[in-house]
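Colleague: So that we are looking at the same thing, I have put the structure below in C-alpha cells.
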Amino acid sequence: MKLNWGWGIVIVFSVFGVTMIGLVIKMFTVPVNMVSKDYYAEEQRFEQTVKKKENTKKLSIAPVLALNKEKGTVDIILPPELKSAEGSIRFFRPSDSRLDFNVKLDVNADNEQNIDASRIVKGRWIIQVNFSDSGVDYLFEKALVL
C-alpha cells in the first residue's frame with residue numbers, strides 16, 4: 001500500500017503531538033529543587049561573597065578541604081596565620097536541597113577539623129567554609145564527590 005503526502009503529514013503531526021504530550025507529562029512529574037530557597041536574597045549578597053573569596057586568595061596558604069578515605073572524614077585545614085577563626089561549614093547538595101546541612105567550624109590547635117563522613121550521602125557535594133578572623137571575613141568552597 002502506498003501512502004500519499006496527506007497521510008505523511010498526518011503521521012508527522014501525530015508523532016509531534018504525542019512527543020509534546022510526553023514531554024509535558026515528564027515535566028510535571030520531575031521534582032523541581034531550587035538551588036537555594038532564598039536565592040534572591042543570596043544574589044543581593046553576591047558582592048560580599050566576592051569580597052570574602054578575594055580575602056581568602058590573599059592568605060599565605062589556601063585552605064585545604066579534602067576527603068580522607070582511610071579515616072572516613074572530610075578534613076579542613078586552615079592556614080597557620082588564622083589563630084581565632086570562627087564560622088560555619090555548609091554541606092550543599094545541588095541535586096537535593098533536603099540533604100543540605102551546616103556544621104560549626106571548630107578547629108583544633110593545628111587549625112584542622114575532621115568531620116565524620118559516614119553520615120553523608122554519597123554523591124557530589126559543594127562544601128563552603130565561611131569564617132572570620134580578626135574582623136576579616138573569608139569564604140572558601142570546593143566541590144567533592146563522596
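Note on naming: chains are A, B, ... as they come in the C-alpha cells, residues start from 1 per chain, ligands start from 1 in the order shown.
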Need the shell around segment 120-136 of chain A: protein/DNA/RNA residues with any atom at most 6 Å away, counting only C-alpha atoms. Skip same-chain ones fewer than 6 positions apart. Format as a ChimeraX atom specification?
Modeller: /A:84-93,142-146
Colleague: Atoms to include: all heavy atoms. Write the selected residues as a short mmCIF file (atom, residue, chain, number, x, y, z; two decimals), in the first residue's frame.
Modeller:
```
data_model
loop_
_atom_site.label_atom_id
_atom_site.label_comp_id
_atom_site.auth_asym_id
_atom_site.auth_seq_id
_atom_site.Cartn_x
_atom_site.Cartn_y
_atom_site.Cartn_z
N SER A 84 42.26 32.61 65.45
CA SER A 84 40.97 32.51 66.15
C SER A 84 39.82 32.50 65.16
O SER A 84 38.89 33.30 65.27
CB SER A 84 40.83 33.67 67.14
OG SER A 84 40.90 34.90 66.45
N ALA A 85 39.88 31.62 64.21
CA ALA A 85 38.85 31.55 63.17
C ALA A 85 37.55 31.00 63.74
O ALA A 85 37.54 30.01 64.46
CB ALA A 85 39.33 30.68 62.02
N GLU A 86 36.46 31.68 63.41
CA GLU A 86 35.13 31.24 63.81
C GLU A 86 34.23 31.28 62.59
O GLU A 86 34.37 32.17 61.74
CB GLU A 86 34.56 32.16 64.89
CG GLU A 86 35.30 32.11 66.19
CD GLU A 86 34.68 33.04 67.21
OE1 GLU A 86 33.77 33.82 66.85
OE2 GLU A 86 35.10 32.99 68.37
N GLY A 87 33.34 30.33 62.49
CA GLY A 87 32.42 30.34 61.35
C GLY A 87 31.65 29.06 61.23
O GLY A 87 31.41 28.35 62.22
N SER A 88 31.28 28.73 59.99
CA SER A 88 30.48 27.54 59.76
C SER A 88 30.90 26.87 58.46
O SER A 88 31.51 27.48 57.60
CB SER A 88 28.99 27.91 59.70
OG SER A 88 28.74 28.74 58.59
N ILE A 89 30.53 25.61 58.36
CA ILE A 89 30.80 24.82 57.17
C ILE A 89 29.45 24.37 56.63
O ILE A 89 28.66 23.76 57.36
CB ILE A 89 31.68 23.60 57.50
CG1 ILE A 89 32.95 24.06 58.20
CG2 ILE A 89 31.99 22.80 56.25
CD1 ILE A 89 33.64 22.96 58.96
N ARG A 90 29.19 24.68 55.38
CA ARG A 90 27.91 24.32 54.76
C ARG A 90 28.15 23.19 53.78
O ARG A 90 28.95 23.31 52.85
CB ARG A 90 27.32 25.51 54.05
CG ARG A 90 26.00 25.20 53.39
CD ARG A 90 25.42 26.42 52.74
NE ARG A 90 24.15 26.08 52.10
CZ ARG A 90 23.67 26.69 51.05
NH1 ARG A 90 24.31 27.70 50.52
NH2 ARG A 90 22.52 26.32 50.53
N PHE A 91 27.46 22.08 53.98
CA PHE A 91 27.48 20.96 53.04
C PHE A 91 26.24 21.12 52.17
O PHE A 91 25.12 21.01 52.64
CB PHE A 91 27.46 19.63 53.79
CG PHE A 91 28.77 19.28 54.41
CD1 PHE A 91 29.16 19.87 55.60
CD2 PHE A 91 29.61 18.38 53.80
CE1 PHE A 91 30.38 19.56 56.17
CE2 PHE A 91 30.83 18.05 54.37
CZ PHE A 91 31.22 18.64 55.55
N PHE A 92 26.50 21.40 50.91
CA PHE A 92 25.45 21.77 49.97
C PHE A 92 25.35 20.73 48.87
O PHE A 92 26.32 20.44 48.19
CB PHE A 92 25.83 23.15 49.41
CG PHE A 92 24.98 23.62 48.28
CD1 PHE A 92 23.67 23.97 48.47
CD2 PHE A 92 25.52 23.74 47.01
CE1 PHE A 92 22.90 24.43 47.41
CE2 PHE A 92 24.77 24.19 45.96
CZ PHE A 92 23.46 24.53 46.17
N ARG A 93 24.18 20.11 48.74
CA ARG A 93 23.95 19.08 47.74
C ARG A 93 23.13 19.67 46.60
O ARG A 93 21.92 19.91 46.76
CB ARG A 93 23.21 17.90 48.38
CG ARG A 93 22.92 16.74 47.47
CD ARG A 93 24.21 15.97 47.19
NE ARG A 93 23.95 14.86 46.32
CZ ARG A 93 23.93 13.59 46.69
NH1 ARG A 93 24.19 13.27 47.94
NH2 ARG A 93 23.68 12.65 45.83
N LYS A 142 34.63 24.29 47.79
CA LYS A 142 35.19 23.27 46.93
C LYS A 142 34.15 22.19 46.71
O LYS A 142 33.37 21.87 47.62
CB LYS A 142 36.45 22.67 47.58
CG LYS A 142 37.15 21.65 46.72
CD LYS A 142 38.42 21.16 47.37
CE LYS A 142 39.11 20.14 46.48
NZ LYS A 142 40.32 19.64 47.11
N ALA A 143 34.15 21.63 45.53
CA ALA A 143 33.24 20.52 45.22
C ALA A 143 33.97 19.21 45.51
O ALA A 143 35.12 19.05 45.14
CB ALA A 143 32.80 20.57 43.77
N LEU A 144 33.30 18.31 46.19
CA LEU A 144 33.84 16.99 46.50
C LEU A 144 32.83 15.92 46.10
O LEU A 144 31.63 16.13 46.23
CB LEU A 144 34.14 16.83 47.99
CG LEU A 144 35.37 17.49 48.57
CD1 LEU A 144 35.45 17.18 50.06
CD2 LEU A 144 36.62 17.03 47.89
N VAL A 145 33.34 14.80 45.65
CA VAL A 145 32.49 13.64 45.39
C VAL A 145 32.79 12.62 46.47
O VAL A 145 33.91 12.12 46.57
CB VAL A 145 32.75 13.05 43.98
CG1 VAL A 145 31.89 11.82 43.78
CG2 VAL A 145 32.47 14.08 42.92
N LEU A 146 31.81 12.36 47.32
CA LEU A 146 31.99 11.43 48.43
C LEU A 146 31.54 10.05 48.02
O LEU A 146 30.71 9.86 47.20
CB LEU A 146 31.21 11.90 49.64
CG LEU A 146 31.56 13.30 50.14
CD1 LEU A 146 30.67 13.67 51.30
CD2 LEU A 146 32.99 13.37 50.59
#
```
Colleague: Could you write out, as JSON, numbers by chain, all the residues of chain A that DSSP marks as strand (DSSP E or B)?
Modeller: {"A": [64, 65, 66, 67, 68, 73, 74, 75, 76, 77, 86, 87, 88, 89, 90, 91, 92, 101, 102, 103, 104, 105, 112, 113, 114, 115, 116, 124, 125, 126, 127, 128, 129, 130, 131, 132, 133, 136, 137, 138, 139, 140, 141, 142, 143, 144, 145]}
Colleague: Which residues, written as an mmCIF file with C-alpha atoms, in the first residue's frame, have at least one atom at most 7 Å from segment 53-69 of chain A, with only C-alpha atoms counted and residues fewer than 3 positions away on the same chain left out?
Modeller:
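Full text of result.cif as output:
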```cif
data_model
loop_
_atom_site.group_PDB
_atom_site.id
_atom_site.type_symbol
_atom_site.label_atom_id
_atom_site.label_comp_id
_atom_site.auth_asym_id
_atom_site.auth_seq_id
_atom_site.Cartn_x
_atom_site.Cartn_y
_atom_site.Cartn_z
ATOM 1 C CA THR A 49 30.708 36.846 48.728
ATOM 2 C CA VAL A 50 33.164 38.090 46.098
ATOM 3 C CA GLY A 72 36.286 8.284 56.672
ATOM 4 C CA THR A 73 36.398 12.019 57.320
ATOM 5 C CA VAL A 74 36.252 15.302 55.491
ATOM 6 C CA ASP A 75 39.337 17.251 56.590
ATOM 7 C CA ILE A 76 39.540 21.024 56.646
ATOM 8 C CA ILE A 77 42.899 22.690 57.267
ATOM 9 C CA LEU A 78 43.140 26.459 57.639
ATOM 10 C CA PRO A 79 46.346 28.473 57.161
ATOM 11 C CA TYR A 138 36.658 34.650 54.354
ATOM 12 C CA LEU A 139 34.837 32.151 52.148
ATOM 13 C CA PHE A 140 36.339 29.003 50.701
#
```
Colleague: Which is closest to Lys83 of chain A among A:Thr19, A:Ser14, A:Asn4, A:Asn111, if we use only C-alpha atoms?
Modeller: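 Comparing A:Thr19, A:Ser14, A:Asn4, A:Asn111 against Lys83 of chain A, the winner is A:Asn111.
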Colleague: Let's see if you can do this: from backbone DSSP, list all helix (DSSP H, G or I) residues in chain A, as a PyMOL selection string.
Modeller: chain A and resi 5-29+39-44+46-57+97-99
Colleague: How would the residues just picked look written out with C-alpha atoms as a CSV table (one decimal), in the first residue's frame?
Modeller:
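Heads up, here's the output in again_37.csv:
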```csv
chain,number,residue,atom,x,y,z
A,5,TRP,CA,1.6,13.0,1.1
A,6,GLY,CA,-1.6,13.7,3.1
A,7,TRP,CA,-1.1,10.7,5.3
A,8,GLY,CA,2.5,11.6,5.7
A,9,ILE,CA,1.6,15.0,7.1
A,10,VAL,CA,-1.0,13.4,9.5
A,11,ILE,CA,1.7,10.9,10.7
A,12,VAL,CA,4.3,13.6,11.3
A,13,PHE,CA,1.9,15.9,13.2
A,14,SER,CA,0.6,12.9,15.3
A,15,VAL,CA,4.2,11.9,16.2
A,16,PHE,CA,5.0,15.5,17.1
A,17,GLY,CA,1.8,15.8,19.2
A,18,VAL,CA,2.5,12.6,21.1
A,19,THR,CA,6.1,13.7,21.7
A,20,MET,CA,5.0,17.1,23.1
A,21,ILE,CA,2.4,15.5,25.4
A,22,GLY,CA,5.0,13.1,26.7
A,23,LEU,CA,7.4,15.9,27.4
A,24,VAL,CA,4.7,17.9,29.2
A,25,ILE,CA,3.8,14.9,31.4
A,26,LYS,CA,7.5,14.3,32.2
A,27,MET,CA,8.0,18.0,33.0
A,28,PHE,CA,5.2,17.8,35.6
A,29,THR,CA,6.5,14.6,37.2
A,39,TYR,CA,18.3,32.7,46.1
A,40,TYR,CA,17.1,36.3,45.5
A,41,ALA,CA,18.5,37.4,48.9
A,42,GLU,CA,21.7,35.5,48.2
A,43,GLU,CA,22.1,37.2,44.9
A,44,GLN,CA,21.9,40.6,46.6
A,46,PHE,CA,26.9,38.5,46.0
A,47,GLU,CA,29.3,41.4,46.3
A,48,GLN,CA,30.0,40.4,49.9
A,49,THR,CA,30.7,36.8,48.7
A,50,VAL,CA,33.2,38.1,46.1
A,51,LYS,CA,35.0,40.2,48.7
A,52,LYS,CA,35.2,37.1,51.1
A,53,LYS,CA,36.7,35.0,48.3
A,54,GLU,CA,39.2,37.7,47.5
A,55,ASN,CA,40.3,37.8,51.1
A,56,THR,CA,40.8,34.0,51.0
A,57,LYS,CA,43.0,34.3,48.0
A,97,SER,CA,18.4,20.5,48.9
A,98,ARG,CA,16.8,18.3,51.6
A,99,LEU,CA,20.3,16.8,52.3
```
Colleague: Considering only C-alpha atoms, state which residue in the set A:Leu82, A:Pro31, A:Pro94, A:Lys71 is at the smallest distance from Asn108 of chain A.
Modeller: A:Leu82
Colleague: What is the atom CA of Glu141 of chain A-atom CA of Glu70 of chain A distance in Å, reported with one decimal?
Modeller: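 Straight-line distance from atom CA of Glu141 of chain A to atom CA of Glu70 of chain A works out to 22.6 Å.
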Colleague: Which residue out of A:Ser95, A:Asn102, A:Glu81, A:Asp137 has the minimum interatomic distance to Ile115 of chain A when only C-alpha atoms are used?
Modeller: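 Under the stated criterion, the closest residue is A:Asn102.
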